[in-house]
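Q: So here's coords.txt (compact mmCIF, C-alpha atoms and all ligand atoms).
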# COMPACT_ATOMS: atom_id res chain seq x y z
CA MET A 208 64.71 79.33 87.29
CA ARG A 209 64.51 80.66 90.86
CA ILE A 210 61.15 79.91 92.42
CA ASP A 211 60.49 80.23 96.14
CA GLY A 212 58.10 78.18 98.27
CA GLN A 213 55.05 80.23 97.26
CA GLY A 214 55.80 79.88 93.56
CA ILE A 215 56.96 83.50 93.30
CA GLU A 216 60.08 84.20 91.28
CA LYS A 217 62.69 86.06 93.31
CA GLY A 218 64.61 89.12 92.25
CA LEU A 219 61.90 91.74 91.76
CA LEU A 220 63.45 95.13 92.50
CA GLU A 221 61.21 98.19 92.86
CA ILE A 222 62.84 101.60 93.26
CA GLY A 223 60.41 104.40 94.12
CA ASP A 224 61.13 108.14 94.15
CA LEU A 225 64.63 107.61 95.48
CA ARG A 226 66.34 110.77 96.69
CA ALA A 227 69.88 110.46 97.92
CA GLY A 228 73.34 111.96 97.84
CA TYR A 229 76.35 112.63 100.00
CA GLY A 230 75.57 114.34 103.30
CA ALA A 231 73.31 117.29 102.61
CA THR A 232 74.12 117.23 98.87
CA VAL A 233 71.26 115.66 96.94
CA ILE A 234 72.32 113.88 93.73
CA LEU A 235 69.34 111.62 93.01
CA GLU A 236 66.26 113.82 92.70
CA GLY A 237 63.57 111.15 92.63
CA VAL A 238 64.61 108.01 90.75
CA SER A 239 62.01 105.32 90.09
CA PHE A 240 62.28 102.10 88.10
CA THR A 241 61.42 98.42 88.38
CA VAL A 242 63.44 95.40 87.35
CA PRO A 243 61.48 92.16 87.03
CA PRO A 244 62.82 88.85 88.35
CA ARG A 245 65.85 87.82 86.25
CA GLY A 246 65.58 91.08 84.30
CA ARG A 247 68.74 92.77 83.06
CA LEU A 248 68.68 96.54 83.27
CA ALA A 249 71.32 98.82 81.77
CA LEU A 250 71.56 102.08 83.75
CA LEU A 251 73.09 104.62 81.38
CA GLY A 252 73.82 108.31 81.10
CA ARG A 253 76.57 110.84 80.70
CA ASN A 254 79.35 111.26 83.26
CA GLY A 255 78.28 112.48 86.66
CA VAL A 256 74.50 112.01 86.24
CA GLY A 257 74.18 109.69 89.25
CA LYS A 258 74.57 106.12 87.96
CA SER A 259 77.17 105.07 90.54
CA THR A 260 75.26 106.99 93.21
CA THR A 261 72.14 104.96 92.37
CA LEU A 262 73.95 101.64 92.86
CA ALA A 263 75.69 102.91 96.01
CA THR A 264 72.31 104.04 97.36
CA LEU A 265 70.76 100.64 96.75
CA VAL A 266 73.44 99.04 98.92
CA GLY A 267 73.26 101.72 101.60
CA GLN A 268 76.49 103.60 100.98
CA THR A 269 75.07 107.10 100.50
CA THR A 270 72.82 109.44 102.45
CA ARG A 271 69.21 108.63 101.61
CA HIS A 272 66.82 111.57 101.73
CA GLY A 273 63.68 109.68 100.75
CA GLY A 274 62.06 107.03 98.62
CA SER A 275 61.91 103.26 98.73
CA ILE A 276 63.97 100.25 97.68
CA LYS A 277 61.98 97.03 97.67
CA LEU A 278 63.36 93.60 96.92
CA ASP A 279 60.65 90.95 96.58
CA GLY A 280 58.29 93.29 98.41
CA VAL A 281 60.63 93.80 101.38
CA GLU A 282 61.66 97.38 102.13
CA LEU A 283 65.46 97.59 102.31
CA SER A 284 66.00 101.31 102.68
CA GLY A 285 66.13 101.31 106.49
CA LEU A 286 68.60 98.43 106.64
CA ALA A 287 72.37 98.47 107.08
CA SER A 288 74.53 97.49 104.07
CA SER A 289 75.25 94.07 105.54
CA ALA A 290 71.53 93.34 105.93
CA ARG A 291 70.88 94.39 102.33
CA ALA A 292 73.60 91.99 101.20
CA ALA A 293 72.01 89.25 103.29
CA ALA A 294 68.65 90.10 101.69
CA GLY A 295 70.10 89.42 98.26
CA LEU A 296 71.92 92.46 96.88
CA GLY A 297 75.37 91.71 95.44
CA TYR A 298 77.52 94.73 94.57
CA VAL A 299 80.61 95.01 92.40
CA PRO A 300 81.84 98.60 92.82
CA GLN A 301 83.81 100.53 90.24
CA THR A 302 86.89 100.23 92.46
CA ARG A 303 86.85 96.41 92.08
CA ASP A 304 87.24 95.73 95.77
CA VAL A 305 90.10 93.23 95.58
CA PHE A 306 92.26 92.72 98.68
CA LYS A 307 95.74 93.16 97.24
CA SER A 308 97.46 91.48 100.18
CA LEU A 309 95.42 88.28 99.83
CA THR A 310 95.68 85.54 97.22
CA VAL A 311 92.92 84.96 94.70
CA GLU A 312 91.59 82.07 96.75
CA GLU A 313 91.76 84.02 100.01
CA ASN A 314 89.84 86.85 98.35
CA LEU A 315 87.19 84.40 97.22
CA VAL A 316 86.93 82.87 100.69
CA THR A 317 85.90 86.31 102.03
CA GLY A 318 82.86 86.07 99.75
CA LEU A 319 81.71 82.64 100.94
CA LYS A 320 79.58 84.05 103.77
CA GLY A 321 79.46 80.76 105.63
CA ARG A 322 79.11 78.55 102.56
CA PRO A 323 81.37 75.48 102.34
CA ARG A 324 84.77 75.92 100.75
CA ALA A 325 83.70 73.59 97.93
CA ALA A 326 81.57 76.47 96.60
CA LEU A 327 84.83 78.09 95.39
CA GLU A 328 84.61 75.71 92.43
CA GLU A 329 81.63 77.76 91.19
CA ALA A 330 83.96 80.74 90.83
CA TYR A 331 86.60 78.69 89.04
CA ALA A 332 83.99 77.21 86.70
CA LEU A 333 82.76 80.70 85.76
CA PHE A 334 86.27 82.11 85.38
CA PRO A 335 88.82 79.31 84.76
CA ARG A 336 91.56 81.97 84.80
CA LEU A 337 90.94 82.46 88.53
CA GLY A 338 91.46 78.75 89.09
CA GLU A 339 94.79 78.90 87.30
CA ARG A 340 95.82 81.86 89.43
CA ARG A 341 94.29 80.82 92.73
CA ARG A 342 97.60 81.11 94.59
CA ASN A 343 98.60 84.43 93.05
CA GLY A 344 98.43 87.57 95.15
CA GLY A 345 95.72 90.13 94.41
CA ALA A 346 98.41 92.68 93.55
CA GLU A 347 99.80 90.41 90.80
CA LEU A 348 96.55 90.28 88.87
CA SER A 349 95.78 92.14 85.66
CA GLY A 350 92.83 94.54 85.63
CA GLY A 351 90.69 91.91 83.93
CA GLU A 352 91.59 89.27 86.49
CA GLN A 353 90.81 91.68 89.31
CA GLN A 354 87.42 92.34 87.78
CA MET A 355 86.73 88.60 87.42
CA LEU A 356 87.72 88.16 91.06
CA SER A 357 85.47 90.99 92.18
CA VAL A 358 82.49 89.59 90.25
CA ALA A 359 83.17 86.02 91.37
CA ARG A 360 83.40 87.02 95.01
CA ALA A 361 80.07 88.85 94.83
CA LEU A 362 78.46 85.81 93.20
CA LEU A 363 79.69 83.45 95.91
CA GLY A 364 77.33 85.28 98.27
CA GLN A 365 74.45 83.95 96.10
CA PRO A 366 72.76 87.30 95.48
CA THR A 367 69.38 87.46 93.79
CA VAL A 368 70.28 90.87 92.34
CA LEU A 369 73.75 91.74 91.06
CA LEU A 370 74.76 95.42 90.77
CA LEU A 371 77.71 96.02 88.45
CA ASP A 372 79.41 99.41 88.25
CA GLU A 373 81.39 99.81 85.01
CA PRO A 374 82.89 96.32 85.04
CA LEU A 375 84.55 96.83 81.65
CA GLU A 376 86.37 100.04 82.49
CA GLY A 377 89.97 99.95 81.29
CA LEU A 378 89.84 96.35 80.04
CA ALA A 379 91.11 95.06 76.67
CA PRO A 380 88.35 94.09 74.20
CA VAL A 381 89.16 90.37 74.45
CA ILE A 382 88.77 90.50 78.24
CA CYS A 383 85.52 92.47 77.86
CA ASP A 384 84.24 89.64 75.62
CA LEU A 385 85.20 87.05 78.21
CA LEU A 386 83.57 88.96 81.06
CA MET A 387 80.36 89.69 79.16
CA ASP A 388 80.12 86.02 78.10
CA ALA A 389 80.32 84.99 81.75
CA LEU A 390 77.78 87.62 82.84
CA SER A 391 75.40 86.52 80.10
CA LYS A 392 75.28 83.04 81.63
CA LEU A 393 74.01 84.31 85.00
CA ASP A 394 70.46 83.49 85.95
CA MET A 395 69.62 86.46 88.15
CA THR A 396 68.44 90.04 88.18
CA VAL A 397 71.23 92.40 87.09
CA ILE A 398 71.68 96.17 86.98
CA LEU A 399 74.62 97.12 84.80
CA VAL A 400 76.19 100.59 84.74
CA GLU A 401 78.52 100.73 81.78
CA GLN A 402 80.15 103.24 79.42
CA GLN A 403 80.44 100.69 76.60
CA ILE A 404 76.93 101.33 75.40
CA ASP A 405 76.83 98.76 72.62
CA ARG A 406 77.87 95.95 74.94
CA ALA A 407 75.49 97.14 77.66
CA LEU A 408 72.51 97.25 75.29
CA GLU A 409 73.36 93.84 73.88
CA PHE A 410 73.43 92.38 77.39
CA ALA A 411 70.37 94.13 78.81
CA ASP A 412 66.69 93.64 78.10
CA SER A 413 65.69 97.06 79.43
CA VAL A 414 67.35 100.41 79.82
CA VAL A 415 67.04 103.45 82.05
CA PHE A 416 68.74 106.71 81.12
CA LEU A 417 69.58 109.15 83.89
CA ASP A 418 70.27 112.85 83.57
CA ARG A 419 71.10 115.08 86.52
CA GLY A 420 69.74 112.63 89.04
CA ARG A 421 66.46 111.91 87.25
CA VAL A 422 65.16 109.18 84.95
CA VAL A 423 64.76 110.73 81.52
CA HIS A 424 63.92 107.58 79.56
CA ALA A 425 63.04 103.97 80.35
CA GLY A 426 62.22 101.22 77.87
CA PRO A 427 63.37 98.09 76.05
CA ALA A 428 67.12 97.92 75.38
CA GLN A 429 66.59 96.84 71.79
CA HIS A 430 64.48 99.92 71.02
CA ALA A 431 67.21 102.15 72.46
CA ALA A 432 69.89 100.35 70.44
CA ASP A 433 67.88 101.03 67.28
CA ASP A 434 67.21 104.68 68.07
CA ALA A 435 70.28 106.73 67.25
CA ALA A 436 68.52 110.01 68.09
CA LEU A 437 67.63 108.74 71.57
CA LEU A 438 71.22 107.67 72.24
CA GLU A 439 72.54 110.95 70.95
CA ARG A 440 70.10 112.89 73.12
CA HIS A 441 70.84 111.08 76.37
CA LEU A 442 74.44 110.00 75.92
CA GLY A 443 75.85 112.26 73.24
CA VAL A 444 77.06 109.21 71.34
CA ALA A 445 76.02 107.09 68.40
CA LEU A 446 76.59 103.35 68.28
CA ALA A 447 79.02 101.95 65.70
CA ALA A 448 77.07 100.74 62.65
N1 LIG B 1 81.63 110.44 97.54
C1 LIG B 1 81.10 111.53 96.97
N2 LIG B 1 80.94 112.67 97.67
C2 LIG B 1 80.38 113.77 97.13
N3 LIG B 1 79.94 113.83 95.85
C3 LIG B 1 80.08 112.74 95.10
C4 LIG B 1 80.67 111.53 95.61
N4 LIG B 1 80.64 110.60 94.63
C5 LIG B 1 80.08 111.20 93.55
N5 LIG B 1 79.74 112.47 93.84
C6 LIG B 1 79.09 113.42 92.92
O1 LIG B 1 77.82 112.89 92.60
C7 LIG B 1 77.49 113.20 91.24
C8 LIG B 1 77.12 111.91 90.54
O2 LIG B 1 78.26 111.07 90.49
P1 LIG B 1 78.17 109.56 90.04
O3 LIG B 1 79.52 108.95 90.26
O4 LIG B 1 76.99 108.91 90.66
O5 LIG B 1 77.90 109.70 88.48
P2 LIG B 1 77.96 108.64 87.33
O6 LIG B 1 76.74 108.86 86.50
O7 LIG B 1 78.20 107.29 87.87
O8 LIG B 1 79.20 109.14 86.48
P3 LIG B 1 80.56 108.45 86.03
O9 LIG B 1 80.25 107.75 84.79
O10 LIG B 1 81.46 109.63 85.84
O11 LIG B 1 80.99 107.54 87.16
C9 LIG B 1 78.71 113.90 90.64
O12 LIG B 1 78.47 115.27 90.67
C10 LIG B 1 79.82 113.53 91.60
O13 LIG B 1 80.80 114.54 91.65
Produce structure tokens that represent the structure in this file.

A:
Amino acid sequence: MRIDGQGIEKGLLEIGDLRAGYGATVILEGVSFTVPPRGRLALLGRNGVGKSTTLATLVGQTTRHGGSIKLDGVELSGLASSARAAAGLGYVPQTRDVFKSLTVEENLVTGLKGRPRAALEEAYALFPRLGERRRNGGAELSGGEQQMLSVARALLGQPTVLLLDEPLEGLAPVICDLLMDALSKLDMTVILVEQQIDRALEFADSVVFLDRGRVVHAGPAQHAADDAALLERHLGVALAA
């Protein structure tokens, strides 16, 4: 459990009336939700509704038009991306962010942020495959290995909140199992954007559905998993029985 000096658990994320987009184009029309410390939120919705934009806005990579982003009571929205990372936001973008010209280990070193090199063992313990391939170049890795590397590098920065944008995209089911097993062991606040709804709802304890830049439903993940009509309404899909 993560407890700070005052006995307050870290990782509380409070998003209030967030409006953001790209330049003058507004995509998020007022998004609000809260994730408790060590909570796991699945952020779901059809294609193009603003899920990736929400994560990118949290880390300061879009144009913010209004609203607040508070982590443990501290307002982050006026800060540069690097300061938000230092405050505790870890981000794994959809693009996977692997340096192809560097080895696995060199990629991981870029995530150490001043921590001793011995901390690399944390990454190899979470994903033994990365340890086996530590001297391989980033370009030689499979999609699954690249995703493990991207997640591991973000974790080396010791975030209190991890933001994951479609980590399972394009991966074989056996690799999805491996990745989700590793993510399930993490003891931190997580926001997961994912198209594999069944896996996302199994992982998460709460869910937010977006539609056209707005929150259209928020509640427990288990309730959503049991409510076929809700899933159909917001995602246009039904879970496999
Ligand atoms: N860099 C960008 N510049 C301008 N518009 C963008 C940019 N990135 C995304 N958009 C637009 O913002 C809207 C929301 O996109 P976003 O990627 O956030 O959706 P999403 O819910 O994550 O969907 P998907 O599952 O397809 O990734 C879309 O209309 C998209 O075309």

Q: Give me the residues near Val358 (chain A) as a list of chain:residue names, where near means some atom within 10 Å (using all atoms listed in the file) and where sequence neighbours in that chain fewer than 5 positions away do not count.

A: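 Close residues of Val358 (chain A): A:Gly297, A:Tyr298, A:Val299, A:Pro300, A:Arg303, A:Asp304, A:Val305, A:Leu315, A:Ala330, A:Leu333, A:Phe334, A:Glu352, A:Gln353, A:Leu363, A:Leu369, A:Leu370, A:Leu371, A:Pro374, A:Leu386, A:Ala389, A:Leu390.
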
Q: I want to know what sits within 8 Å of Arg360 (chain A), based on all atoms listed in the file, with residues of the same chain fewer than 6 positions away left out; could you give that as an MDAnalysis selection string?

A: chainID A and resid 314:319 330

Q: Neighbours of ligand LIG 1 (chain B) within 6 Å, counting all atoms listed in the file, as a list in words?

A: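 Final answer, ordered by chain and number: Tyr229, Ile234, Asn254, Gly255, Val256, Gly257, Lys258, Ser259 and Thr260 of chain A.
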
Q: For the atom pair CA of Gly338 (chain A) and CA of Arg406 (chain A), what is the interatomic distance in Å to one decimal place?

A: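 Pair CA of Gly338 (chain A) / CA of Arg406 (chain A) returns 26.1 Å.
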
Q: For Val311 (chain A), list every protein, DNA or RNA residue within 7 Å, evaluated using only C-alpha atoms, and leave out those in the same chain fewer than 4 positions away; present the list as a count of residues only.

A: 8

Q: Would you mind telling me which residue in A:Ala436, A:Ala292, A:Ala379, A:Ala425 lies nearest to Gln365 (chain A) when using all atoms listed in the file?

A: A:Ala292

Q: One decimal, Å: what's the distance from CA of Val423 (chain A) over to CA of Gln268 (chain A), could you say?

A: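 These two atoms are separated by 23.8 Å.
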
Q: Give me the residues within 12 Å of Val281 (chain A) as a list in words, counting all atoms listed in the file and dropping any in the same chain fewer than 5 places off.

A: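 Result of the neighbour search: Lys217, Gly218, Leu219, Leu220, Glu221, Ile222, Ser275, Ile276, Leu286, Ala290, Arg291, Ala294 and Gly295 of chain A.
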
Q: Could you tell me which of A:Gln429, A:Thr396, A:Ser349, A:Gln402 comes closest to Val368 (chain A) if we count all atoms listed in the file?

A: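 Counting all atoms listed in the file, the residue closest to Val368 (chain A) is A:Thr396.
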
Q: What gap, in Å, lies between CA of Gly274 (chain A) and CA of Val415 (chain A)?

A: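 So the two atoms, CA of Gly274 (chain A) and CA of Val415 (chain A), lie 17.7 Å apart.
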
Q: In file coordinates, which residues lie within 7 Å of (78.3, 113.3, 103.1) using all atoms listed in the file, given as a list in words?

A: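 Returned residue set, sorted by chain then number, is Tyr229, Gly230, Ala231 and Thr270 of chain A.
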
Q: With only C-alpha atoms as the atoms that count, which of A:Val397, A:Leu283, A:Arg322, A:Lys307 lies nearest to Ser357 (chain A)?

A: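 Result for the nearest residue to Ser357 (chain A): A:Lys307.
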
Q: Extract, using all atoms listed in the file, all DNA, RNA and protein residues at most 7 Å from Val400 (chain A), discarding same-chain residues fewer than 4 positions from it, and format them as JSON, numbers by chain.

A: {"A": [249, 250, 251, 258, 371, 372, 373]}

Q: With 8 Å of padding per side, what axis-aligned box (centre and edge lengths, Å, one decimal) covers all the listed atoms of region 231-249 of chain A? Give it as AutoDock Vina command-line options.

A:
--center_x 67.8 --center_y 102.6 --center_z 92.2 --size_x 28.7 --size_y 45.5 --size_z 36.8

Q: Just checking: using all atoms listed in the file, which residue out of A:Leu399, A:Ala428, A:Leu393, A:Ala407 ends up closest to Leu362 (chain A)?

A: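 The closest residue to Leu362 (chain A) is A:Leu393.
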